[in-house]
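Trainee: Next comes the structure file my_file-v3.txt, holding compact mmCIF, C-alpha atoms.
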# COMPACT_ATOMS: atom_id res chain seq x y z
CA MET A 255 74.75 -123.33 2.45
CA ASN A 256 74.87 -120.04 4.40
CA PHE A 257 71.76 -117.83 4.40
CA PRO A 258 71.93 -114.09 5.12
CA ASN A 259 71.24 -113.02 8.61
CA PRO A 260 67.53 -112.09 8.89
CA SER A 261 68.46 -109.14 11.08
CA ALA A 262 70.39 -107.64 8.13
CA TRP A 263 67.79 -107.85 5.39
CA SER A 264 64.58 -107.53 7.41
CA PRO A 265 64.87 -103.69 7.66
CA LEU A 266 65.33 -103.53 3.88
CA LEU A 267 62.30 -105.75 3.34
CA LEU A 268 60.25 -103.69 5.76
CA GLY A 269 61.31 -100.31 4.40
CA PHE A 270 61.41 -101.00 0.65
CA VAL A 271 58.62 -103.57 0.21
CA VAL A 272 56.22 -103.70 3.13
CA ALA A 273 56.06 -99.97 3.81
CA PRO A 274 55.30 -98.93 0.17
CA LEU A 275 52.64 -101.65 -0.13
CA LEU A 276 51.10 -100.58 3.15
CA ALA A 277 51.09 -96.92 2.04
CA LEU A 278 49.40 -97.87 -1.25
CA GLY A 279 46.80 -99.84 0.67
CA VAL A 280 46.05 -96.92 2.98
CA LEU A 281 45.81 -94.61 -0.05
CA ALA A 282 43.38 -96.95 -1.82
CA LEU A 283 41.26 -97.25 1.33
CA ALA A 284 41.17 -93.47 1.72
CA HIS A 285 40.11 -93.10 -1.94
CA ARG A 286 37.32 -95.63 -1.48
CA VAL A 287 36.00 -93.98 1.68
CA LEU A 288 36.06 -90.51 0.15
CA GLU A 289 34.34 -91.74 -3.03
CA ARG A 290 31.56 -93.27 -0.96
CA LEU A 291 31.13 -90.04 0.97
CA LEU A 292 30.98 -87.92 -2.21
CA ARG A 293 28.96 -90.28 -4.38
CA GLY A 294 25.56 -88.99 -3.34
CA ARG A 295 26.50 -85.33 -3.32
CA ASP A 296 26.69 -82.75 -6.06
CA ALA A 297 30.47 -82.28 -5.97
CA PRO A 298 31.82 -83.01 -9.47
CA VAL A 299 35.05 -81.07 -8.93
CA LEU A 300 35.92 -82.97 -5.74
CA LEU A 301 35.12 -86.27 -7.43
CA ALA A 302 37.33 -85.34 -10.37
CA LEU A 303 40.18 -84.40 -8.03
CA LEU A 304 39.76 -87.72 -6.26
CA GLN A 305 39.40 -89.99 -9.28
CA ARG A 306 41.85 -88.50 -11.75
CA GLY A 307 45.59 -88.42 -11.43
CA ARG A 308 45.77 -91.49 -9.21
CA ARG A 309 48.81 -92.95 -10.95
CA PRO A 310 51.13 -89.98 -10.29
CA LEU A 311 49.78 -89.79 -6.74
CA ARG A 312 50.62 -93.47 -6.14
CA ILE A 313 54.11 -92.95 -7.57
CA THR A 314 54.60 -89.92 -5.33
CA VAL A 315 53.55 -91.84 -2.22
CA VAL A 316 55.86 -94.76 -3.04
CA LEU A 317 58.82 -92.45 -3.67
CA LEU A 318 58.21 -90.58 -0.40
CA VAL A 319 58.14 -93.85 1.54
CA LEU A 320 61.34 -95.02 -0.16
CA ASP A 321 63.02 -91.70 0.65
CA LEU A 322 62.04 -92.05 4.29
CA ALA A 323 63.25 -95.65 4.39
CA LEU A 324 66.59 -94.90 2.72
CA PRO A 325 68.58 -94.41 5.97
CA ALA A 326 67.63 -97.98 6.98
CA ALA A 327 69.40 -99.40 3.91
CA GLY A 328 72.84 -99.10 5.54
CA LEU A 329 74.52 -97.70 2.42
CA ASP A 330 77.89 -95.99 2.52
CA GLU A 331 77.95 -92.21 2.62
CA ALA A 332 78.65 -91.60 -1.10
CA THR A 333 76.05 -94.09 -2.32
CA ALA A 334 73.49 -92.83 0.19
CA GLY A 335 74.08 -89.26 -1.03
CA TRP A 336 73.53 -90.20 -4.69
CA ALA A 337 70.45 -92.24 -3.85
CA ASP A 338 69.00 -89.44 -1.73
CA SER A 339 69.56 -86.91 -4.54
CA LEU A 340 67.95 -89.16 -7.16
CA LEU A 341 64.97 -89.89 -4.92
CA GLY A 342 64.59 -86.19 -4.20
CA LEU A 343 64.50 -85.38 -7.92
CA ALA A 344 62.03 -88.20 -8.54
CA VAL A 345 59.79 -86.96 -5.72
CA ALA A 346 59.86 -83.41 -7.15
CA VAL A 347 58.90 -84.66 -10.63
CA ALA A 348 56.17 -86.92 -9.25
CA MET A 349 54.71 -84.19 -7.06
CA GLY A 350 54.73 -81.72 -9.96
CA TRP A 351 53.05 -84.32 -12.17
CA THR A 352 50.42 -85.00 -9.48
CA ILE A 353 49.61 -81.36 -8.82
CA THR A 354 49.45 -80.51 -12.53
CA ARG A 355 47.17 -83.48 -13.21
CA LYS A 356 44.85 -82.57 -10.35
CA VAL A 357 44.63 -78.93 -11.45
CA ALA A 358 43.90 -80.01 -15.03
CA ALA A 359 41.19 -82.37 -13.74
CA ALA A 360 39.46 -79.50 -11.92
CA PHE A 361 39.28 -77.57 -15.20
CA ASP A 362 38.36 -80.61 -17.30
CA VAL A 363 35.26 -81.40 -15.28
CA GLN A 364 33.97 -77.90 -16.02
CA LEU A 365 34.80 -78.20 -19.73
CA GLU A 366 33.17 -81.59 -20.28
CA GLY A 367 29.78 -81.95 -21.87
CA ALA A 368 28.18 -80.76 -25.08
CA LEU A 369 29.41 -77.62 -26.79
CA PRO A 370 27.25 -74.58 -26.02
CA SER A 371 24.91 -73.31 -28.70
CA ASP A 372 25.10 -69.87 -30.27
CA GLU A 373 22.53 -68.48 -27.84
CA ASP A 374 24.52 -69.52 -24.73
CA LEU A 375 26.82 -66.50 -24.68
CA LEU A 376 27.58 -66.77 -20.96
CA LEU A 377 28.38 -70.47 -21.27
CA ARG A 378 30.67 -69.87 -24.25
CA ARG A 379 32.43 -67.04 -22.39
CA ARG A 380 32.99 -69.26 -19.36
CA ARG A 381 34.18 -72.17 -21.50
CA THR A 382 36.71 -69.95 -23.27
CA GLN A 383 38.13 -68.63 -20.00
CA LEU A 384 38.38 -72.11 -18.53
CA ALA A 385 40.16 -73.46 -21.63
CA VAL A 386 42.74 -70.66 -21.60
CA PHE A 387 43.33 -70.76 -17.84
CA ARG A 388 43.66 -74.56 -17.91
CA ARG A 389 46.47 -74.43 -20.45
CA MET A 390 48.18 -71.62 -18.56
CA ALA A 391 47.96 -73.55 -15.28
CA VAL A 392 49.33 -76.74 -16.84
CA SER A 393 52.14 -74.81 -18.54
CA ALA A 394 53.01 -73.08 -15.27
CA GLY A 395 53.08 -76.44 -13.47
CA VAL A 396 55.41 -77.97 -16.05
CA VAL A 397 57.74 -74.95 -16.03
CA PHE A 398 57.84 -74.85 -12.24
CA THR A 399 58.59 -78.58 -11.99
CA VAL A 400 61.37 -78.38 -14.58
CA GLY A 401 62.80 -75.35 -12.79
CA VAL A 402 62.84 -77.14 -9.44
CA VAL A 403 64.55 -80.18 -10.97
CA LEU A 404 67.20 -78.11 -12.77
CA THR A 405 68.03 -76.01 -9.73
CA ALA A 406 68.39 -79.17 -7.66
CA ILE A 407 71.16 -80.52 -9.93
CA PRO A 408 74.46 -78.84 -9.00
CA ALA A 409 76.12 -79.47 -12.36
CA VAL A 410 73.27 -77.94 -14.33
CA ARG A 411 73.05 -75.01 -11.96
CA ALA A 412 76.77 -74.32 -12.34
CA VAL A 413 76.58 -74.50 -16.12
CA GLY A 414 73.63 -72.12 -16.14
CA LEU A 415 75.44 -69.60 -13.96
CA SER A 416 78.57 -69.74 -16.14
CA LEU A 417 76.60 -69.38 -19.37
CA PHE A 418 74.67 -66.32 -18.19
CA ALA A 419 77.49 -64.55 -16.40
CA SER A 420 77.11 -61.64 -18.80
CA ALA A 421 73.55 -60.85 -17.76
CA GLY A 422 73.09 -57.94 -20.15
CA VAL A 423 73.73 -59.84 -23.39
CA ALA A 424 72.04 -63.00 -22.12
CA GLY A 425 68.96 -61.09 -21.04
CA LEU A 426 68.73 -59.39 -24.42
CA VAL A 427 69.06 -62.69 -26.28
CA ILE A 428 66.48 -64.40 -24.08
CA GLY A 429 64.10 -61.47 -24.43
CA ILE A 430 64.31 -61.51 -28.23
CA ALA A 431 63.95 -65.29 -28.42
CA ALA A 432 61.05 -65.43 -25.98
CA ARG A 433 59.14 -62.46 -27.38
CA PRO A 434 56.70 -64.51 -29.55
CA ALA A 435 55.95 -66.94 -26.72
CA VAL A 436 55.52 -64.16 -24.16
CA SER A 437 53.33 -62.09 -26.50
CA ASN A 438 51.10 -65.09 -27.18
CA LEU A 439 50.91 -65.86 -23.45
CA ILE A 440 49.86 -62.28 -22.68
CA ALA A 441 47.45 -62.36 -25.62
CA GLY A 442 45.86 -65.54 -24.25
CA LEU A 443 45.36 -63.87 -20.87
CA GLN A 444 43.83 -60.79 -22.51
CA ILE A 445 41.51 -62.91 -24.65
CA ALA A 446 40.36 -64.85 -21.59
CA LEU A 447 39.58 -61.65 -19.71
CA THR A 448 38.26 -59.32 -22.43
CA GLN A 449 36.58 -62.00 -24.59
CA PRO A 450 36.99 -60.63 -28.14
CA ILE A 451 36.42 -64.21 -29.26
CA ARG A 452 34.93 -67.26 -27.56
CA ILE A 453 34.78 -70.95 -28.33
CA GLY A 454 31.91 -71.41 -30.77
CA ASP A 455 31.96 -67.85 -32.15
CA ALA A 456 31.39 -67.34 -35.88
CA VAL A 457 34.28 -65.23 -37.18
CA THR A 458 35.84 -64.05 -40.42
CA VAL A 459 39.65 -64.00 -40.29
CA GLU A 460 41.87 -63.27 -43.29
CA GLY A 461 38.83 -63.57 -45.54
CA GLN A 462 37.93 -67.02 -44.17
CA PHE A 463 34.61 -67.63 -42.41
CA GLY A 464 34.40 -70.30 -39.72
CA ARG A 465 33.79 -71.12 -36.07
CA VAL A 466 36.27 -70.93 -33.21
CA GLN A 467 36.93 -74.57 -32.39
CA GLU A 468 39.85 -74.39 -29.97
CA ILE A 469 41.82 -71.73 -28.08
CA THR A 470 45.23 -72.91 -26.92
CA ALA A 471 48.03 -71.08 -25.13
CA THR A 472 49.58 -69.97 -28.44
CA TYR A 473 47.04 -70.25 -31.26
CA VAL A 474 43.36 -70.41 -32.17
CA THR A 475 41.88 -73.13 -34.40
CA ILE A 476 39.02 -72.03 -36.63
CA GLN A 477 36.99 -74.64 -38.49
CA THR A 478 35.88 -73.26 -41.84
CA TRP A 479 32.62 -74.09 -43.58
CA ASP A 480 34.36 -76.72 -45.72
CA GLN A 481 35.76 -78.45 -42.58
CA ARG A 482 39.31 -77.17 -42.94
CA SER A 483 41.23 -75.97 -39.88
CA LEU A 484 42.59 -72.43 -39.96
CA VAL A 485 45.31 -71.99 -37.32
CA VAL A 486 45.84 -68.36 -36.26
CA PRO A 487 48.30 -67.06 -33.61
CA LEU A 488 46.68 -65.56 -30.55
CA SER A 489 48.41 -62.23 -31.08
CA HIS A 490 46.58 -61.84 -34.41
CA PHE A 491 43.30 -61.18 -32.59
CA LEU A 492 44.84 -58.30 -30.64
CA GLU A 493 46.92 -56.74 -33.41
CA LYS A 494 44.73 -57.06 -36.52
CA PRO A 495 41.03 -56.49 -37.20
CA PHE A 496 38.69 -59.44 -37.64
CA LEU A 497 34.94 -59.91 -37.87
CA ASN A 498 33.06 -61.61 -35.02
CA TRP A 499 29.50 -62.38 -36.07
CA THR A 500 28.41 -63.53 -32.60
CA LYS A 501 30.23 -61.12 -30.27
CA ASP A 502 27.15 -59.83 -28.42
CA SER A 503 24.43 -61.98 -29.94
CA ALA A 504 24.08 -64.81 -32.41
CA GLU A 505 21.25 -63.00 -34.22
CA LEU A 506 22.18 -61.70 -37.66
CA LEU A 507 20.92 -59.37 -40.37
CA ASP A 508 22.00 -60.05 -43.94
CA THR A 509 20.94 -59.21 -47.46
CA VAL A 510 19.99 -60.73 -50.79
CA PHE A 511 20.61 -58.52 -53.81
CA LEU A 512 18.67 -58.84 -57.06
CA TYR A 513 19.49 -56.92 -60.22
CA LEU A 514 16.29 -56.52 -62.25
CA ASP A 515 14.78 -54.57 -65.07
CA HIS A 516 13.36 -51.14 -64.34
CA ALA A 517 9.86 -52.52 -64.90
CA ALA A 518 10.19 -55.08 -62.07
CA PRO A 519 7.13 -55.12 -59.74
CA VAL A 520 8.68 -54.04 -56.43
CA GLN A 521 5.46 -54.27 -54.41
CA ALA A 522 4.79 -57.78 -55.74
CA ILE A 523 8.35 -58.72 -54.71
CA ARG A 524 7.63 -57.43 -51.18
CA ASP A 525 4.51 -59.56 -50.98
CA GLU A 526 6.35 -62.63 -52.26
CA VAL A 527 9.20 -62.18 -49.77
CA ALA A 528 6.68 -61.92 -46.92
CA ARG A 529 5.08 -65.16 -48.08
CA LEU A 530 8.43 -66.94 -48.45
CA VAL A 531 9.84 -66.04 -45.02
CA ALA A 532 6.55 -66.85 -43.28
CA ASP A 533 6.94 -70.46 -44.43
CA ALA A 534 10.72 -70.63 -43.84
CA PRO A 535 11.82 -72.25 -40.54
CA GLN A 536 15.17 -70.40 -40.77
CA TRP A 537 13.53 -66.97 -40.35
CA ASP A 538 13.32 -65.67 -36.77
CA GLY A 539 10.40 -63.28 -37.44
CA ARG A 540 12.26 -60.01 -36.86
CA VAL A 541 13.10 -58.42 -40.21
CA ALA A 542 12.02 -59.02 -43.82
CA LYS A 543 12.28 -55.82 -45.84
CA VAL A 544 12.54 -55.08 -49.56
CA SER A 545 14.07 -51.81 -50.83
CA VAL A 546 15.36 -50.45 -54.13
CA THR A 547 18.87 -49.33 -53.19
CA ALA A 548 20.16 -48.26 -56.61
CA ALA A 549 18.93 -47.43 -60.11
CA LYS A 550 21.48 -47.78 -62.88
CA GLU A 551 21.21 -47.29 -66.62
CA ALA A 552 20.77 -51.03 -67.26
CA CYS A 553 18.98 -52.30 -64.13
CA ILE A 554 17.81 -51.56 -60.63
CA GLU A 555 19.29 -53.01 -57.43
CA VAL A 556 16.71 -54.60 -55.13
CA ARG A 557 17.89 -55.38 -51.60
CA VAL A 558 16.08 -57.98 -49.49
CA LEU A 559 17.01 -57.52 -45.82
CA LEU A 560 16.51 -60.67 -43.70
CA SER A 561 17.09 -61.76 -40.11
CA ALA A 562 17.94 -65.14 -38.59
CA ALA A 563 18.92 -66.57 -35.22
CA ASP A 564 22.48 -67.52 -36.22
CA GLY A 565 24.91 -67.66 -39.11
CA SER A 566 24.07 -71.11 -40.40
CA ARG A 567 20.33 -70.38 -40.51
CA MET A 568 21.04 -67.05 -42.19
CA PHE A 569 23.05 -68.69 -44.97
CA ASP A 570 20.29 -71.21 -45.65
CA LEU A 571 17.62 -68.48 -45.56
CA ARG A 572 19.47 -66.30 -48.05
CA CYS A 573 19.90 -69.20 -50.48
CA LEU A 574 16.23 -70.17 -50.13
CA VAL A 575 14.92 -66.64 -50.73
CA ARG A 576 17.27 -65.97 -53.63
CA GLU A 577 16.39 -69.21 -55.44
CA ALA A 578 12.64 -68.87 -54.81
CA LEU A 579 12.53 -65.24 -55.96
CA LEU A 580 14.41 -65.94 -59.18
CA ALA A 581 12.14 -68.89 -59.98
CA TRP A 582 9.02 -66.83 -59.18
CA LEU A 583 10.15 -63.90 -61.31
CA ALA A 584 11.04 -66.14 -64.24
CA ARG A 585 7.62 -67.79 -64.04
CA ASP A 586 5.26 -64.86 -63.28
CA TYR A 587 7.24 -61.75 -64.32
CA PRO A 588 9.79 -62.78 -66.97
CA ALA A 589 9.96 -59.21 -68.28
CA SER A 590 11.41 -58.05 -64.94
CA LEU A 591 14.66 -59.99 -65.44
CA PRO A 592 17.61 -57.94 -66.74
CA ARG A 593 17.49 -57.21 -70.48
CA GLN A 594 19.72 -55.47 -72.96
CA ARG A 595 17.80 -52.83 -74.94
CA GLN A 596 18.63 -51.66 -78.43
CA ALA A 597 16.97 -48.77 -80.28
CA ASP A 598 16.70 -48.47 -84.06
CA VAL A 599 17.27 -44.85 -84.94
CA GLY A 600 16.10 -45.45 -88.56
CA GLY A 601 17.10 -43.51 -91.66
CA GLY A 602 18.90 -46.36 -93.42
CA PRO A 603 17.82 -48.05 -96.63
CA GLY A 604 15.29 -50.86 -96.23
Would you mind writing the file out in structure tokens?
Mentor:
Amino acid sequence: MNFPNPSAWSPLLLGFVVAPLLALGVLALAHRVLERLLRGRDAPVLLALLQRGRRPLRITVVLLVLDLALPAAGLDEATAGWADSLLGLAVAVAMGWTITRKVAAAFDVQLEGALPSDEDLLLRRRRTQLAVFRRMAVSAGVVFTVGVVLTAIPAVRAVGLSLFASAGVAGLVIGIAARPAVSNLIAGLQIALTQPIRIGDAVTVEGQFGRVQEITATYVTIQTWDQRSLVVPLSHFLEKPFLNWTKDSAELLDTVFLYLDHAAPVQAIRDEVARLVADAPQWDGRVAKVSVTAAKEACIEVRVLLSAADGSRMFDLRCLVREALLAWLARDYPASLPRQRQADVGGGPG
């Protein structure tokens, strides 16, 4: 039985087995040393860059070593050319994957943790910007990697040049087709910079009230009070009006309207409202005011102006005050509730 000459296969073994394993070992050792150096320091971004995206980094290192060891394989010129092209494409994809994953990790470490409360306006502004810029960076990395791969393939490059030889018509078609995507991309950048909405904001869009749950590169997800998800394109927030309840502050003023008889005791209602809000944990202590805002032929309109720290507390406070006032009026002042009056003008028999 004849065995291959060791001098023929030893370079292949060294270049395609030993060298990749040695490179992976050096990479693992470098990771371990750097982790030990950073473990006791306040460097979450560096730790995230080091710990996340290791798989694409390992693949990139192995492919680079294989590409360097390819000349030692002794392949013929045609096969060596195909192998070199394939390895080059694989290295480009792996490097794009690695860079994109590392960039996403740098943003993710800033986005992790509990959602900010309504009072943390600066934190919600920063979180919104980071979320938008993260998606834009990842999208740019993917597009750049795909572009590098396509331009490196001669057949695809030739087809692309032949298809778009008439640049005027092709540019018009591409512009029309890409207009929604481009407008949403620009809208995302404007939202990140100007901050008309932020993650966690309480908004009313198309008659629906909810909180901004997610801002992607193309749309915004709003969770309504009944836990539905309202998906709105980004361009909507730049082209159409909407109501942002927490734009500058989470504090709110809102009203409770009562329609009562003209004989309703307004001063007693003021005293009762003051007593109710003093015992209500939802009230923030700023405003509790009672006014008669209209007097109609059948009733008067009593407005109770209240304040609360945020939208959820305001909703609960309004319900509490409305229910308590109606129960109090029905118990202590039943004649103040709306009534229909009839007058007998007399003159008839009997």
Trainee: Give me the residues within 12 Å of Gln364 in chain A as a ChimeraX atom specification, counting only C-alpha atoms and dropping any in the same chain fewer than 2 places off.
Mentor: /A:297-300,302,357-362,366-369,377-378,380-385,387-388
Trainee: Let me see the file: selected residues, C-alpha atoms, as a PDB file, in the coordinates of the input.
Mentor:
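Final file, selection.pdb:
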ATOM      1  CA  ALA A 297      30.470 -82.280  -5.970  1.00  0.00           C
ATOM      2  CA  PRO A 298      31.820 -83.010  -9.470  1.00  0.00           C
ATOM      3  CA  VAL A 299      35.050 -81.070  -8.930  1.00  0.00           C
ATOM      4  CA  LEU A 300      35.920 -82.970  -5.740  1.00  0.00           C
ATOM      5  CA  ALA A 302      37.330 -85.340 -10.370  1.00  0.00           C
ATOM      6  CA  VAL A 357      44.630 -78.930 -11.450  1.00  0.00           C
ATOM      7  CA  ALA A 358      43.900 -80.010 -15.030  1.00  0.00           C
ATOM      8  CA  ALA A 359      41.190 -82.370 -13.740  1.00  0.00           C
ATOM      9  CA  ALA A 360      39.460 -79.500 -11.920  1.00  0.00           C
ATOM     10  CA  PHE A 361      39.280 -77.570 -15.200  1.00  0.00           C
ATOM     11  CA  ASP A 362      38.360 -80.610 -17.300  1.00  0.00           C
ATOM     12  CA  GLU A 366      33.170 -81.590 -20.280  1.00  0.00           C
ATOM     13  CA  GLY A 367      29.780 -81.950 -21.870  1.00  0.00           C
ATOM     14  CA  ALA A 368      28.180 -80.760 -25.080  1.00  0.00           C
ATOM     15  CA  LEU A 369      29.410 -77.620 -26.790  1.00  0.00           C
ATOM     16  CA  LEU A 377      28.380 -70.470 -21.270  1.00  0.00           C
ATOM     17  CA  ARG A 378      30.670 -69.870 -24.250  1.00  0.00           C
ATOM     18  CA  ARG A 380      32.990 -69.260 -19.360  1.00  0.00           C
ATOM     19  CA  ARG A 381      34.180 -72.170 -21.500  1.00  0.00           C
ATOM     20  CA  THR A 382      36.710 -69.950 -23.270  1.00  0.00           C
ATOM     21  CA  GLN A 383      38.130 -68.630 -20.000  1.00  0.00           C
ATOM     22  CA  LEU A 384      38.380 -72.110 -18.530  1.00  0.00           C
ATOM     23  CA  ALA A 385      40.160 -73.460 -21.630  1.00  0.00           C
ATOM     24  CA  PHE A 387      43.330 -70.760 -17.840  1.00  0.00           C
ATOM     25  CA  ARG A 388      43.660 -74.560 -17.910  1.00  0.00           C
TER      26      ARG A 388
END
Trainee: For range 568-571 of chain A, work out the shell of residues within 8 Å, counting all atoms listed in the file and skipping chain neighbours fewer than 3 positions away, then give it as a list in words.
Mentor: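 So the residues in contact are Leu506, Leu507, Asp508, Ala534, Gln536, Trp537, Leu560, Ser561, Ala562, Ala563, Asp564, Gly565, Leu574 and Val575 of chain A.
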Trainee: Using only C-alpha atoms, which residues sit within 12 Å of Leu340 in chain A once same-chain residues fewer than 4 positions away are excluded, as a PyMOL selection string?
Mentor: chain A and resi 317-318+320-321+324+333-336+344-347+403+406-407
Trainee: Which of these residues is nearest to Val386 in chain A, using all atoms listed in the file: A:Leu488, A:Thr478, A:Val457, A:Gly307?
Mentor: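 Looking at the shortest contact to Val386 in chain A, the residue is A:Leu488.
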Trainee: List as an NGL selection string the protein and nucleic acid residues near Trp582 in chain A, meaning an atom at most 12 Å away when all atoms listed in the file are counted, but skip any in the same chain fewer than 2 places from it.
Mentor: :A and (519 or 522-523 or 525-527 or 529-530 or 575-580 or 584-591)
Trainee: What does the distance between CA of Leu343 in chain A and CA of Ala471 in chain A come to in Å, to one decimal place?
Mentor: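 That distance, rounded to one decimal, is 27.8 Å.
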Trainee: For CA of Gly454 in chain A and CA of Val474 in chain A, determine how far apart the two atoms are, in Å to one decimal place.
Mentor: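 Computing it gives 11.6 Å between the two atoms.
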Trainee: Near Val558 in chain A, within 8 Å and counting only C-alpha atoms, which residues show up once chain neighbours fewer than 3 positions away are dropped, as a PDB file with C-alpha atoms, in the coordinates of the input?
Mentor:
ATOM      1  CA  THR A 509      20.940 -59.210 -47.460  1.00  0.00           C
ATOM      2  CA  VAL A 510      19.990 -60.730 -50.790  1.00  0.00           C
ATOM      3  CA  PHE A 511      20.610 -58.520 -53.810  1.00  0.00           C
ATOM      4  CA  ALA A 542      12.020 -59.020 -43.820  1.00  0.00           C
ATOM      5  CA  LYS A 543      12.280 -55.820 -45.840  1.00  0.00           C
ATOM      6  CA  VAL A 544      12.540 -55.080 -49.560  1.00  0.00           C
ATOM      7  CA  SER A 545      14.070 -51.810 -50.830  1.00  0.00           C
TER       8      SER A 545
END
Trainee: So what do you get for CA of Leu443 in chain A versus CA of Thr472 in chain A, distance-wise?
Mentor: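 Calculated distance between CA of Leu443 in chain A and CA of Thr472 in chain A is 10.6 Å.
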Trainee: Between A:Ala284, A:Ile353, A:Leu365, A:Val520, which one has atoms that come closest to Gly395 in chain A, using all atoms listed in the file?
Mentor: A:Ile353
Trainee: Extending 4 Å beyond the listed atoms of range 276-285 of chain A on each side, what axis-aligned box results? I want centre and edge lengths in Å to one decimal, as lines of an AutoDock Vina configuration file.
Mentor:
center_x = 45.6
center_y = -96.8
center_z = 0.6
size_x = 19.0
size_y = 15.5
size_z = 13.1
Trainee: Save C-alpha atoms of range 489-507 of chain A from the block above as an mmCIF file, in the first residue's frame.
Mentor:
data_model
loop_
_atom_site.group_PDB
_atom_site.id
_atom_site.type_symbol
_atom_site.label_atom_id
_atom_site.label_comp_id
_atom_site.auth_asym_id
_atom_site.auth_seq_id
_atom_site.Cartn_x
_atom_site.Cartn_y
_atom_site.Cartn_z
ATOM 1 C CA SER A 489 -43.366 60.120 7.481
ATOM 2 C CA HIS A 490 -46.788 60.506 9.138
ATOM 3 C CA PHE A 491 -45.219 62.361 12.075
ATOM 4 C CA LEU A 492 -43.666 64.935 9.745
ATOM 5 C CA GLU A 493 -46.554 65.380 7.316
ATOM 6 C CA LYS A 494 -49.666 65.227 9.519
ATOM 7 C CA PRO A 495 -50.569 66.730 12.896
ATOM 8 C CA PHE A 496 -50.653 64.563 15.999
ATOM 9 C CA LEU A 497 -50.956 65.172 19.720
ATOM 10 C CA ASN A 498 -47.966 64.551 21.998
ATOM 11 C CA TRP A 499 -49.024 64.696 25.639
ATOM 12 C CA THR A 500 -45.466 64.467 26.998
ATOM 13 C CA LYS A 501 -43.461 66.579 24.536
ATOM 14 C CA ASP A 502 -41.945 68.974 27.091
ATOM 15 C CA SER A 503 -43.232 67.503 30.333
ATOM 16 C CA ALA A 504 -45.257 64.548 31.512
ATOM 17 C CA GLU A 505 -47.432 66.794 33.698
ATOM 18 C CA LEU A 506 -50.986 67.216 32.449
ATOM 19 C CA LEU A 507 -54.069 69.360 32.981
#
